[in-house]
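Heads up, the thing below is written out as structure tokens.
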Amino acid sequence: MSVTVEVNALCKTFELSKKQMKIEGAKERRKVAVDHLSFDARDGEIFGLLGPNGAGKTTTLRILATLIKADEGDALVNGYSVAKNPEKVRERIGFLTSELKQEDFFTPNYLFGFFASLYGIESGAAKKRKEELFGRFGIDGFSEVKVANLSSGMKQKVSLALSIIHDPGIIIFDEPTNGLDVITAKAVTDFLADLKESGKTIIISTHIFSIAEKLCDRIGIIIDGKMAAFGRLGEITGESSLEDVFFRLYEEAGGILL
Amino acid sequence: MKGAIATVMKKEFKRFFGDFRLVSSSLILPGLMVYIMYSFMGSAFLSFLSVEEGYILKAAFINMPQGLFSELGLDGVIEPHYESIESLEMLKESVKSQEYDALAVFPDNFGDIEAIVFPVKDVPNVEIFYNSLEAKSSAAYSIIVDALTMYEESRVNLFDINKAGEYNLATDDEIAGFTIAMMLPILLIMFLFTGSLAIATESIAGEKERGTISTLLVTPIKRSDLALGKIFSLALIALLCSLTTTLGSLMSLPKLMGAESDGAAIKITPAMYANLFLISLSTILVFISIMSIISAFAKSVKEAQAYGMPLMVVAVALGASGMFGPNSQNPVLYAIPVYNSVQSISAILAAKASALNISIAVASNTLFSALGVVALALMFSNEKIMFSK
């Protein structure tokens, strides 16, 4: 297994609005979302970023997807810097989050052709890939239904299929099962396991312990933008459960459990 | 990524032309509405000025010398009511309340006109009261004034002006052509702007609002390709939209002006058409790039449209600068975006366009739009702008 994604001392701060400062009781105008975060991910594994809401998981993944820029530090994806070669990075990753929406007006069929063309996939290969992905997710029966008229589960499946249209080596998935019913959630996690089997690198973020325990080979526990623990699941947990370890780390970091 | 611009453009076209609601609301309806509105306004204006058939105008006369009414030739045209000076104020009210259409007050010394000698001093003054808001009153007023003027001229006539026949050497067609040349710059600029406003806000602010722009931003496509693809396709769609509106207004302008001309009066040569097209295309590129940048800044379609409104006022004001023909042939002025478009359109229609000035205008507008594309591409990579909520 070789390292495909290398994250080095990433930092990201956001400016808070005056209103937001009041809500959070913050004294400083700047809020540190990601604080010198480092980790790596390898091919053939699922790496999970585990942390409570607001810990900086999504921000980290968005930096990896080149949607936002880090203030300090860098990340290398297959050796390409997210800061210097964002286009090369985007060619090599598939990024998925629930905030990436598809245009309601188009059908999955049209969107597939559109994205295939944006990724520079020639039409023969695109057709084969479409049959494969649409078949796998059961989209084929809905390929001519406008996105607006699809169920939310089906929308998520279409988004997933489109995000890996170019068969990327690295898949970054923010909260993969968020808002999905159990059946769709299982289809998604099964698919992630399959991708891992085929040697892909998968990075997910989650706040659900069972998903981390079931899916991830290695995890990083993020609290307040900092890496609180990082390693193989067994190494981190030892004799205790992941949940106990997490709450202990959380309290050590100054978090208050109600 | 080769062909990315074309892919983005194709998607924009499919989005627009595949949606009947969009096509009808921005391509078909505006042109039709302008046609119907102008035609309606024209005929409403005409009917405002005319008195319904069979109506006999009623006028009150005070102190009118006997026999003068018939002498003025008003028999059968106006129904006279002879009144005394005591009821003057009451009669004025009657004119206001439309009981009478007009009131003519002759002075006591009106009979003196028989004895007038030159040079004339202290001539009698006839007062005619009327209500300009009422078509009937206005009609009665002008009939009485005309009759009195003719009566005066028959008494004391030094010379006549244009007494017989038609002296205006411009034909009806030419007058319609002049009107169109006057109105077209402002209308065209207005339609080019409204087309851009609707199309660009929907495509860029709309995609941002619906969260679909992020989906495009995670693909390997270059930000500049996305900006170019958007601006090119939106400009072509907006050009088409403004074309239909312009066509609608050209067809109805003569009706608005109350002229019977078919509007084909203005002689536009193929070269003029080509120049108009070039100018319109370069102008719409400017408008689309401005509106795209505004849309990228805005958080929603509504917000983008609100920002566009003050700009619309500026565009219309610039358009008004071309109403009375081209201001200047100074090439430097043709380097100012949008102002140069108005001046060029005006110059083209007046057949005074110089190839140099048109080229400067097109080049300047294109350069301005190119800067817009660069700015838009930078905005697409700016997380604060693209993901601000």
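A note on labels: chains of the structure tokens are A, B, ... as shown, every chain counts residues from 1, and ligands are counted from 1 in their shown order.
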*asked:* Give me, as an NGL selection string, all polymer residues having an atom no more than 10 Å from segment 239-252 of chain A, counting only C-alpha atoms and skipping those fewer than 3 positions away in the same chain.
replied: :A and (50-52 or 208-210 or 212-213 or 221-224 or 228-229 or 233-236 or 255-257)
Selected residues written out, all heavy atoms, as a short mmCIF file (atom, residue, chain, number, x, y, z; two decimals), in the first residue's frame:
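Writing the result to out-v4.cif gives the following:
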```
data_model
loop_
_atom_site.label_atom_id
_atom_site.label_comp_id
_atom_site.auth_asym_id
_atom_site.auth_seq_id
_atom_site.Cartn_x
_atom_site.Cartn_y
_atom_site.Cartn_z
N LEU A 50 -13.08 11.41 11.92
CA LEU A 50 -14.19 11.32 12.85
C LEU A 50 -14.17 12.55 13.76
O LEU A 50 -13.12 12.93 14.25
CB LEU A 50 -14.04 10.04 13.69
CG LEU A 50 -15.12 9.72 14.70
CD1 LEU A 50 -16.42 9.35 14.02
CD2 LEU A 50 -14.66 8.58 15.61
N GLY A 51 -15.32 13.15 13.94
CA GLY A 51 -15.33 14.31 14.81
C GLY A 51 -16.72 14.87 14.93
O GLY A 51 -17.60 14.56 14.13
N PRO A 52 -16.93 15.68 15.98
CA PRO A 52 -18.26 16.27 16.15
C PRO A 52 -18.51 17.33 15.08
O PRO A 52 -17.60 17.70 14.33
CB PRO A 52 -18.18 16.92 17.53
CG PRO A 52 -16.73 17.20 17.75
CD PRO A 52 -15.99 16.14 17.00
N ILE A 208 -20.52 9.46 12.90
CA ILE A 208 -21.23 8.26 13.37
C ILE A 208 -20.20 7.15 13.67
O ILE A 208 -19.47 6.72 12.77
CB ILE A 208 -22.24 7.78 12.31
CG1 ILE A 208 -23.19 8.94 11.97
CG2 ILE A 208 -23.01 6.57 12.79
CD1 ILE A 208 -23.99 8.73 10.72
N PHE A 209 -20.11 6.74 14.94
CA PHE A 209 -19.08 5.77 15.35
C PHE A 209 -19.22 4.45 14.60
O PHE A 209 -18.23 3.86 14.19
CB PHE A 209 -19.16 5.51 16.86
CG PHE A 209 -18.92 6.74 17.66
CD1 PHE A 209 -19.93 7.35 18.37
CD2 PHE A 209 -17.65 7.30 17.70
CE1 PHE A 209 -19.69 8.49 19.11
CE2 PHE A 209 -17.41 8.45 18.43
CZ PHE A 209 -18.43 9.05 19.14
N SER A 210 -20.46 3.98 14.43
CA SER A 210 -20.63 2.66 13.83
C SER A 210 -20.09 2.63 12.40
O SER A 210 -19.51 1.63 11.96
CB SER A 210 -22.10 2.27 13.86
OG SER A 210 -22.84 3.19 13.08
N ALA A 212 -17.63 4.52 11.25
CA ALA A 212 -16.17 4.54 11.35
C ALA A 212 -15.66 3.13 11.69
O ALA A 212 -14.70 2.65 11.10
CB ALA A 212 -15.75 5.54 12.41
N GLU A 213 -16.34 2.50 12.65
CA GLU A 213 -15.88 1.18 13.09
C GLU A 213 -16.04 0.14 12.00
O GLU A 213 -15.19 -0.70 11.79
CB GLU A 213 -16.68 0.73 14.32
CG GLU A 213 -16.14 1.33 15.61
CD GLU A 213 -17.04 1.09 16.80
OE1 GLU A 213 -18.28 0.99 16.61
OE2 GLU A 213 -16.52 1.00 17.91
N ILE A 221 -9.16 11.27 14.60
CA ILE A 221 -10.22 11.93 15.38
C ILE A 221 -9.89 13.42 15.45
O ILE A 221 -8.81 13.80 15.93
CB ILE A 221 -10.32 11.32 16.80
CG1 ILE A 221 -10.74 9.85 16.67
CG2 ILE A 221 -11.34 12.10 17.64
CD1 ILE A 221 -10.82 9.11 18.00
N ILE A 222 -10.76 14.23 14.89
CA ILE A 222 -10.52 15.67 14.88
C ILE A 222 -11.38 16.34 15.94
O ILE A 222 -12.60 16.11 16.00
CB ILE A 222 -10.90 16.32 13.53
CG1 ILE A 222 -10.18 15.61 12.40
CG2 ILE A 222 -10.52 17.78 13.52
CD1 ILE A 222 -10.38 16.34 11.08
N ILE A 223 -10.76 17.13 16.77
CA ILE A 223 -11.50 17.95 17.74
C ILE A 223 -10.98 19.37 17.65
O ILE A 223 -9.76 19.59 17.73
CB ILE A 223 -11.36 17.37 19.17
CG1 ILE A 223 -12.04 15.99 19.23
CG2 ILE A 223 -12.01 18.31 20.19
CD1 ILE A 223 -11.72 15.19 20.45
N ASP A 224 -11.86 20.29 17.45
CA ASP A 224 -11.49 21.71 17.31
C ASP A 224 -10.38 21.94 16.28
O ASP A 224 -9.47 22.73 16.51
CB ASP A 224 -11.02 22.27 18.67
CG ASP A 224 -12.22 22.70 19.50
OD1 ASP A 224 -13.31 22.88 18.90
OD2 ASP A 224 -12.06 22.82 20.73
N ALA A 228 -6.68 14.75 17.23
CA ALA A 228 -6.58 14.31 18.62
C ALA A 228 -6.01 12.89 18.70
O ALA A 228 -5.36 12.53 19.68
CB ALA A 228 -7.93 14.37 19.30
N ALA A 229 -6.29 12.09 17.68
CA ALA A 229 -5.76 10.73 17.62
C ALA A 229 -5.73 10.30 16.17
O ALA A 229 -6.56 10.73 15.37
CB ALA A 229 -6.62 9.78 18.43
N LEU A 233 -7.60 1.59 13.63
CA LEU A 233 -8.71 1.59 14.57
C LEU A 233 -8.33 0.90 15.89
O LEU A 233 -8.53 1.45 16.97
CB LEU A 233 -9.90 0.88 13.92
CG LEU A 233 -11.27 1.22 14.45
CD1 LEU A 233 -11.55 2.70 14.36
CD2 LEU A 233 -12.32 0.43 13.68
N GLY A 234 -7.73 -0.31 15.76
CA GLY A 234 -7.35 -1.09 16.95
C GLY A 234 -6.33 -0.36 17.79
O GLY A 234 -6.36 -0.42 19.03
N GLU A 235 -5.39 0.33 17.12
CA GLU A 235 -4.35 1.04 17.85
C GLU A 235 -4.95 2.15 18.71
O GLU A 235 -4.49 2.41 19.82
CB GLU A 235 -3.35 1.68 16.88
CG GLU A 235 -2.48 0.68 16.12
CD GLU A 235 -1.78 1.34 14.94
OE1 GLU A 235 -1.73 2.60 14.86
OE2 GLU A 235 -1.30 0.59 14.08
N ILE A 236 -5.94 2.80 18.16
CA ILE A 236 -6.53 3.92 18.89
C ILE A 236 -7.40 3.45 20.04
O ILE A 236 -7.32 3.96 21.16
CB ILE A 236 -7.38 4.80 17.94
CG1 ILE A 236 -6.45 5.47 16.94
CG2 ILE A 236 -8.19 5.84 18.71
CD1 ILE A 236 -7.17 6.35 15.95
N GLY A 255 -13.50 19.90 25.91
CA GLY A 255 -14.91 19.85 25.55
C GLY A 255 -15.75 19.47 26.76
O GLY A 255 -15.29 18.77 27.66
N ILE A 256 -16.94 19.98 26.83
CA ILE A 256 -17.81 19.68 27.97
C ILE A 256 -18.94 18.78 27.51
O ILE A 256 -19.66 19.11 26.55
CB ILE A 256 -18.37 20.97 28.59
CG1 ILE A 256 -17.20 21.81 29.11
CG2 ILE A 256 -19.37 20.67 29.70
CD1 ILE A 256 -17.53 23.27 29.25
N LEU A 257 -19.08 17.64 28.16
CA LEU A 257 -20.17 16.73 27.81
C LEU A 257 -21.35 17.03 28.72
O LEU A 257 -21.21 17.05 29.93
CB LEU A 257 -19.72 15.28 28.01
CG LEU A 257 -18.57 14.84 27.10
CD1 LEU A 257 -18.05 13.49 27.55
CD2 LEU A 257 -19.01 14.80 25.66
#
```
Do you have, as CSV, the list of residues of chain B lying at most 10 Å from chain A, each with its nearest atom pair and that distance in Å to one decimal, counting only C-alpha atoms and ordered by chain then number?
```
residue,atom,partner,partner_atom,distance
B:Met1,CA,A:Gly120,CA,6.7
B:Lys2,CA,A:Gly120,CA,7.5
B:Gly3,CA,A:Leu118,CA,8.0
B:Ala4,CA,A:Leu118,CA,5.6
B:Ile5,CA,A:Leu118,CA,9.0
B:Ala6,CA,A:Ser117,CA,9.6
B:Thr7,CA,A:Ser117,CA,6.6
B:Val8,CA,A:Leu118,CA,8.1
B:Lys10,CA,A:Phe114,CA,8.9
B:Lys11,CA,A:Phe114,CA,7.3
B:Lys14,CA,A:Phe106,CA,9.1
B:Arg15,CA,A:Phe105,CA,7.3
B:Gly18,CA,A:Phe105,CA,8.9
B:Asp19,CA,A:Phe105,CA,8.2
B:Glu207,CA,A:Glu103,CA,8.0
B:Arg210,CA,A:Lys101,CA,7.2
B:Gly211,CA,A:Lys101,CA,5.5
B:Thr212,CA,A:Lys101,CA,4.8
B:Ile213,CA,A:Leu100,CA,8.1
B:Ser214,CA,A:Leu100,CA,6.0
B:Thr215,CA,A:Leu100,CA,5.2
B:Leu216,CA,A:Phe115,CA,8.6
B:Leu217,CA,A:Leu67,CA,7.0
B:Val218,CA,A:Arg90,CA,6.3
B:Thr219,CA,A:Arg90,CA,5.9
B:Pro220,CA,A:Arg90,CA,4.9
B:Ile221,CA,A:Leu118,CA,6.4
B:Lys222,CA,A:Glu87,CA,7.0
B:Arg223,CA,A:Glu87,CA,9.5
B:Phe380,CA,A:Leu67,CA,9.7
B:Ser381,CA,A:Leu67,CA,7.7
B:Asn382,CA,A:Ile68,CA,7.7
B:Glu383,CA,A:Ile68,CA,5.4
B:Lys384,CA,A:Ile68,CA,8.5
B:Met386,CA,A:Leu67,CA,9.2
B:Phe387,CA,A:Ile68,CA,8.9
```
*asked:* Need to verify the contact set: Met227 of chain A, 12 Å, only C-alpha atoms, exclusion of same-chain residues closer than 3 positions in sequence. Can you return it as a PyMOL selection string?
replied: chain A and resi 7-11+33-39+49-51+55-57+60+219-224+230-231+246+249-250+253
Write a file of the selected residues as a JSON list (two decimals), in the first residue's frame, keeping N, CA and C atoms.
```json
[["chain", "number", "residue", "atom", "x", "y", "z"],
["A", 7, "VAL", "N", -1.39, 14.92, 3.73],
["A", 7, "VAL", "CA", -1.84, 16.21, 4.23],
["A", 7, "VAL", "C", -0.82, 16.72, 5.25],
["A", 8, "ASN", "N", -0.26, 17.91, 4.98],
["A", 8, "ASN", "CA", 0.81, 18.44, 5.84],
["A", 8, "ASN", "C", 0.43, 19.75, 6.49],
["A", 9, "ALA", "N", 0.19, 19.70, 7.77],
["A", 9, "ALA", "CA", 0.02, 20.91, 8.59],
["A", 9, "ALA", "C", -0.94, 21.92, 8.00],
["A", 10, "LEU", "N", -2.11, 21.42, 7.57],
["A", 10, "LEU", "CA", -3.13, 22.31, 6.98],
["A", 10, "LEU", "C", -3.70, 23.24, 8.04],
["A", 11, "CYS", "N", -3.85, 24.51, 7.66],
["A", 11, "CYS", "CA", -4.50, 25.48, 8.54],
["A", 11, "CYS", "C", -5.56, 26.23, 7.75],
["A", 33, "ALA", "N", -10.64, 26.90, 11.93],
["A", 33, "ALA", "CA", -11.45, 25.74, 11.59],
["A", 33, "ALA", "C", -10.57, 24.50, 11.52],
["A", 34, "VAL", "N", -9.39, 24.66, 10.94],
["A", 34, "VAL", "CA", -8.44, 23.56, 10.82],
["A", 34, "VAL", "C", -7.10, 24.05, 11.35],
["A", 35, "ASP", "N", -6.52, 23.30, 12.30],
["A", 35, "ASP", "CA", -5.35, 23.79, 13.01],
["A", 35, "ASP", "C", -4.18, 22.81, 12.86],
["A", 36, "HIS", "N", -3.30, 23.10, 11.90],
["A", 36, "HIS", "CA", -2.11, 22.27, 11.65],
["A", 36, "HIS", "C", -2.45, 20.78, 11.58],
["A", 37, "LEU", "N", -3.32, 20.45, 10.70],
["A", 37, "LEU", "CA", -3.79, 19.07, 10.57],
["A", 37, "LEU", "C", -2.90, 18.31, 9.58],
["A", 38, "SER", "N", -2.45, 17.14, 10.01],
["A", 38, "SER", "CA", -1.65, 16.29, 9.12],
["A", 38, "SER", "C", -2.16, 14.87, 9.17],
["A", 39, "PHE", "N", -2.22, 14.23, 8.03],
["A", 39, "PHE", "CA", -2.52, 12.78, 7.98],
["A", 39, "PHE", "C", -2.21, 12.29, 6.58],
["A", 49, "LEU", "N", -12.27, 10.52, 8.81],
["A", 49, "LEU", "CA", -12.09, 11.64, 9.72],
["A", 49, "LEU", "C", -13.32, 11.65, 10.62],
["A", 50, "LEU", "N", -13.08, 11.41, 11.92],
["A", 50, "LEU", "CA", -14.19, 11.32, 12.85],
["A", 50, "LEU", "C", -14.17, 12.55, 13.76],
["A", 51, "GLY", "N", -15.32, 13.15, 13.94],
["A", 51, "GLY", "CA", -15.33, 14.31, 14.81],
["A", 51, "GLY", "C", -16.72, 14.87, 14.93],
["A", 55, "ALA", "N", -16.00, 20.41, 13.79],
["A", 55, "ALA", "CA", -14.62, 20.09, 14.16],
["A", 55, "ALA", "C", -13.64, 20.45, 13.06],
["A", 56, "GLY", "N", -14.14, 20.64, 11.84],
["A", 56, "GLY", "CA", -13.25, 20.97, 10.73],
["A", 56, "GLY", "C", -13.12, 19.87, 9.69],
["A", 57, "LYS", "N", -13.97, 18.84, 9.80],
["A", 57, "LYS", "CA", -13.90, 17.71, 8.85],
["A", 57, "LYS", "C", -14.21, 18.16, 7.44],
["A", 60, "THR", "N", -11.65, 20.46, 5.88],
["A", 60, "THR", "CA", -10.48, 19.72, 5.41],
["A", 60, "THR", "C", -10.75, 19.06, 4.06],
["A", 219, "ILE", "N", -8.34, 5.76, 11.18],
["A", 219, "ILE", "CA", -9.14, 6.95, 11.41],
["A", 219, "ILE", "C", -8.28, 8.06, 12.03],
["A", 220, "GLY", "N", -8.77, 9.26, 11.86],
["A", 220, "GLY", "CA", -8.19, 10.40, 12.56],
["A", 220, "GLY", "C", -9.33, 11.06, 13.31],
["A", 221, "ILE", "N", -9.16, 11.27, 14.60],
["A", 221, "ILE", "CA", -10.22, 11.93, 15.38],
["A", 221, "ILE", "C", -9.89, 13.42, 15.45],
["A", 222, "ILE", "N", -10.76, 14.23, 14.89],
["A", 222, "ILE", "CA", -10.52, 15.67, 14.88],
["A", 222, "ILE", "C", -11.38, 16.34, 15.94],
["A", 223, "ILE", "N", -10.76, 17.13, 16.77],
["A", 223, "ILE", "CA", -11.50, 17.95, 17.74],
["A", 223, "ILE", "C", -10.98, 19.37, 17.65],
["A", 224, "ASP", "N", -11.86, 20.29, 17.45],
["A", 224, "ASP", "CA", -11.49, 21.71, 17.31],
["A", 224, "ASP", "C", -10.38, 21.94, 16.28],
["A", 230, "PHE", "N", -4.78, 9.46, 15.81],
["A", 230, "PHE", "CA", -4.62, 9.12, 14.41],
["A", 230, "PHE", "C", -3.97, 7.75, 14.32],
["A", 231, "GLY", "N", -4.55, 6.83, 13.62],
["A", 231, "GLY", "CA", -3.91, 5.52, 13.45],
["A", 231, "GLY", "C", -4.92, 4.44, 13.09],
["A", 246, "PHE", "N", -13.34, 8.33, 22.12],
["A", 246, "PHE", "CA", -13.69, 9.65, 21.57],
["A", 246, "PHE", "C", -14.09, 10.60, 22.69],
["A", 249, "LEU", "N", -11.11, 11.71, 24.70],
["A", 249, "LEU", "CA", -10.30, 12.70, 23.97],
["A", 249, "LEU", "C", -11.00, 14.06, 23.96],
["A", 250, "TYR", "N", -12.30, 13.98, 23.84],
["A", 250, "TYR", "CA", -13.09, 15.22, 23.75],
["A", 250, "TYR", "C", -12.97, 16.00, 25.05],
["A", 253, "ALA", "N", -9.59, 17.52, 25.53],
["A", 253, "ALA", "CA", -9.40, 18.71, 24.69],
["A", 253, "ALA", "C", -10.17, 19.91, 25.25]]
```
*Shell of 8 Å around Ile385 of chain B, only C-alpha atoms, local chain residues under 5 positions omitted, as JSON, numbers by chain*: {"B": [296, 297, 379, 380]}
_Sel. of helix (DSSP H, G or I) residues, segment 112-248 of chain A, as a PyMOL selection string_ = chain A and resi 112-118+123-137+140-142+147-149+152-163+182-197+209-215+233-237+242-248
*Work out how far atom CA of Lys302 of chain B is from atom CA of Gly195 of chain B, in Å to one decimal.*
15.6 Å
*Within 12 Å of segment 127-134 of chain B, counting only C-alpha atoms, which residues show up once you throw out same-chain ones fewer than 6 positions away? Write them as a PyMOL selection string, please.*
chain B and resi 47-51+57-64+88-89+91-108+110+140-146+148
*asked:* For the strand (DSSP E) assignment from backbone DSSP, which residues of segment 85-280 of chain B qualify? Please present them as a list in words.
replied: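 Across segment 85-280 of chain B, those assigned strand (DSSP E) are Ala102, Leu103, Ala104, Val105, Glu127, Ile128, Phe129 and Tyr130 of chain B.
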Using only N, CA, C and O atoms, please write the residues we just selected to a file, as a CSV table (one decimal), in the first residue's frame.
```csv
chain,number,residue,atom,x,y,z
B,102,ALA,N,-66.4,74.8,-24.3
B,102,ALA,CA,-65.5,76.0,-24.3
B,102,ALA,C,-66.4,77.2,-24.0
B,102,ALA,O,-67.6,77.2,-24.1
B,103,LEU,N,-65.7,78.3,-23.6
B,103,LEU,CA,-66.4,79.6,-23.3
B,103,LEU,C,-65.6,80.7,-23.9
B,103,LEU,O,-64.4,80.8,-23.6
B,104,ALA,N,-66.2,81.5,-24.8
B,104,ALA,CA,-65.5,82.6,-25.5
B,104,ALA,C,-66.1,83.9,-25.0
B,104,ALA,O,-67.3,84.1,-25.0
B,105,VAL,N,-65.2,84.7,-24.5
B,105,VAL,CA,-65.6,86.0,-23.9
B,105,VAL,C,-65.1,87.1,-24.9
B,105,VAL,O,-63.9,87.3,-25.0
B,127,GLU,N,-61.2,86.2,-25.0
B,127,GLU,CA,-60.7,85.1,-24.1
B,127,GLU,C,-61.5,83.9,-24.3
B,127,GLU,O,-62.7,83.9,-24.3
B,128,ILE,N,-60.8,82.8,-24.5
B,128,ILE,CA,-61.5,81.5,-24.7
B,128,ILE,C,-61.1,80.5,-23.6
B,128,ILE,O,-59.9,80.2,-23.4
B,129,PHE,N,-62.0,80.2,-22.8
B,129,PHE,CA,-61.7,79.2,-21.7
B,129,PHE,C,-62.0,77.8,-22.1
B,129,PHE,O,-63.0,77.5,-22.8
B,130,TYR,N,-61.1,76.9,-21.7
B,130,TYR,CA,-61.3,75.5,-22.1
B,130,TYR,C,-60.6,74.6,-21.1
B,130,TYR,O,-59.9,75.1,-20.2
```
*Hey, can you check how far atom CA of Met190 of chain B sits from atom CA of Ala320 of chain B?*
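Atom-to-atom, atom CA of Met190 of chain B to atom CA of Ala320 of chain B, that is 10.0 Å.
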*Shell of 10 Å around Ile211 of chain A, only C-alpha atoms, local chain residues under 6 positions omitted, as number ranges by chain*: A: 48, 50, 175-177, 189, 204-205
*Name the residues in contact with segment 190-199 of chain A at a cut-off of 6 Å, using only C-alpha atoms, excluding same-chain residues fewer than 5 positions from it; report them as a PyMOL selection string.*
chain A and resi 43-45
Keeping only N, CA and C atoms, write the selected residues as a PDB file, in the first residue's frame.
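Output file part-v2.pdb follows:
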```pdb
ATOM      1  N   ASP A  43      -3.638   3.783  -0.839  1.00  0.00           N
ATOM      2  CA  ASP A  43      -4.552   3.074  -1.750  1.00  0.00           C
ATOM      3  C   ASP A  43      -5.034   1.787  -1.088  1.00  0.00           C
ATOM      4  N   GLY A  44      -6.204   1.364  -1.437  1.00  0.00           N
ATOM      5  CA  GLY A  44      -6.771   0.147  -0.879  1.00  0.00           C
ATOM      6  C   GLY A  44      -7.214   0.290   0.569  1.00  0.00           C
ATOM      7  N   GLU A  45      -7.426   1.530   1.003  1.00  0.00           N
ATOM      8  CA  GLU A  45      -7.940   1.688   2.366  1.00  0.00           C
ATOM      9  C   GLU A  45      -9.036   2.754   2.426  1.00  0.00           C
TER      10      GLU A  45
END
```
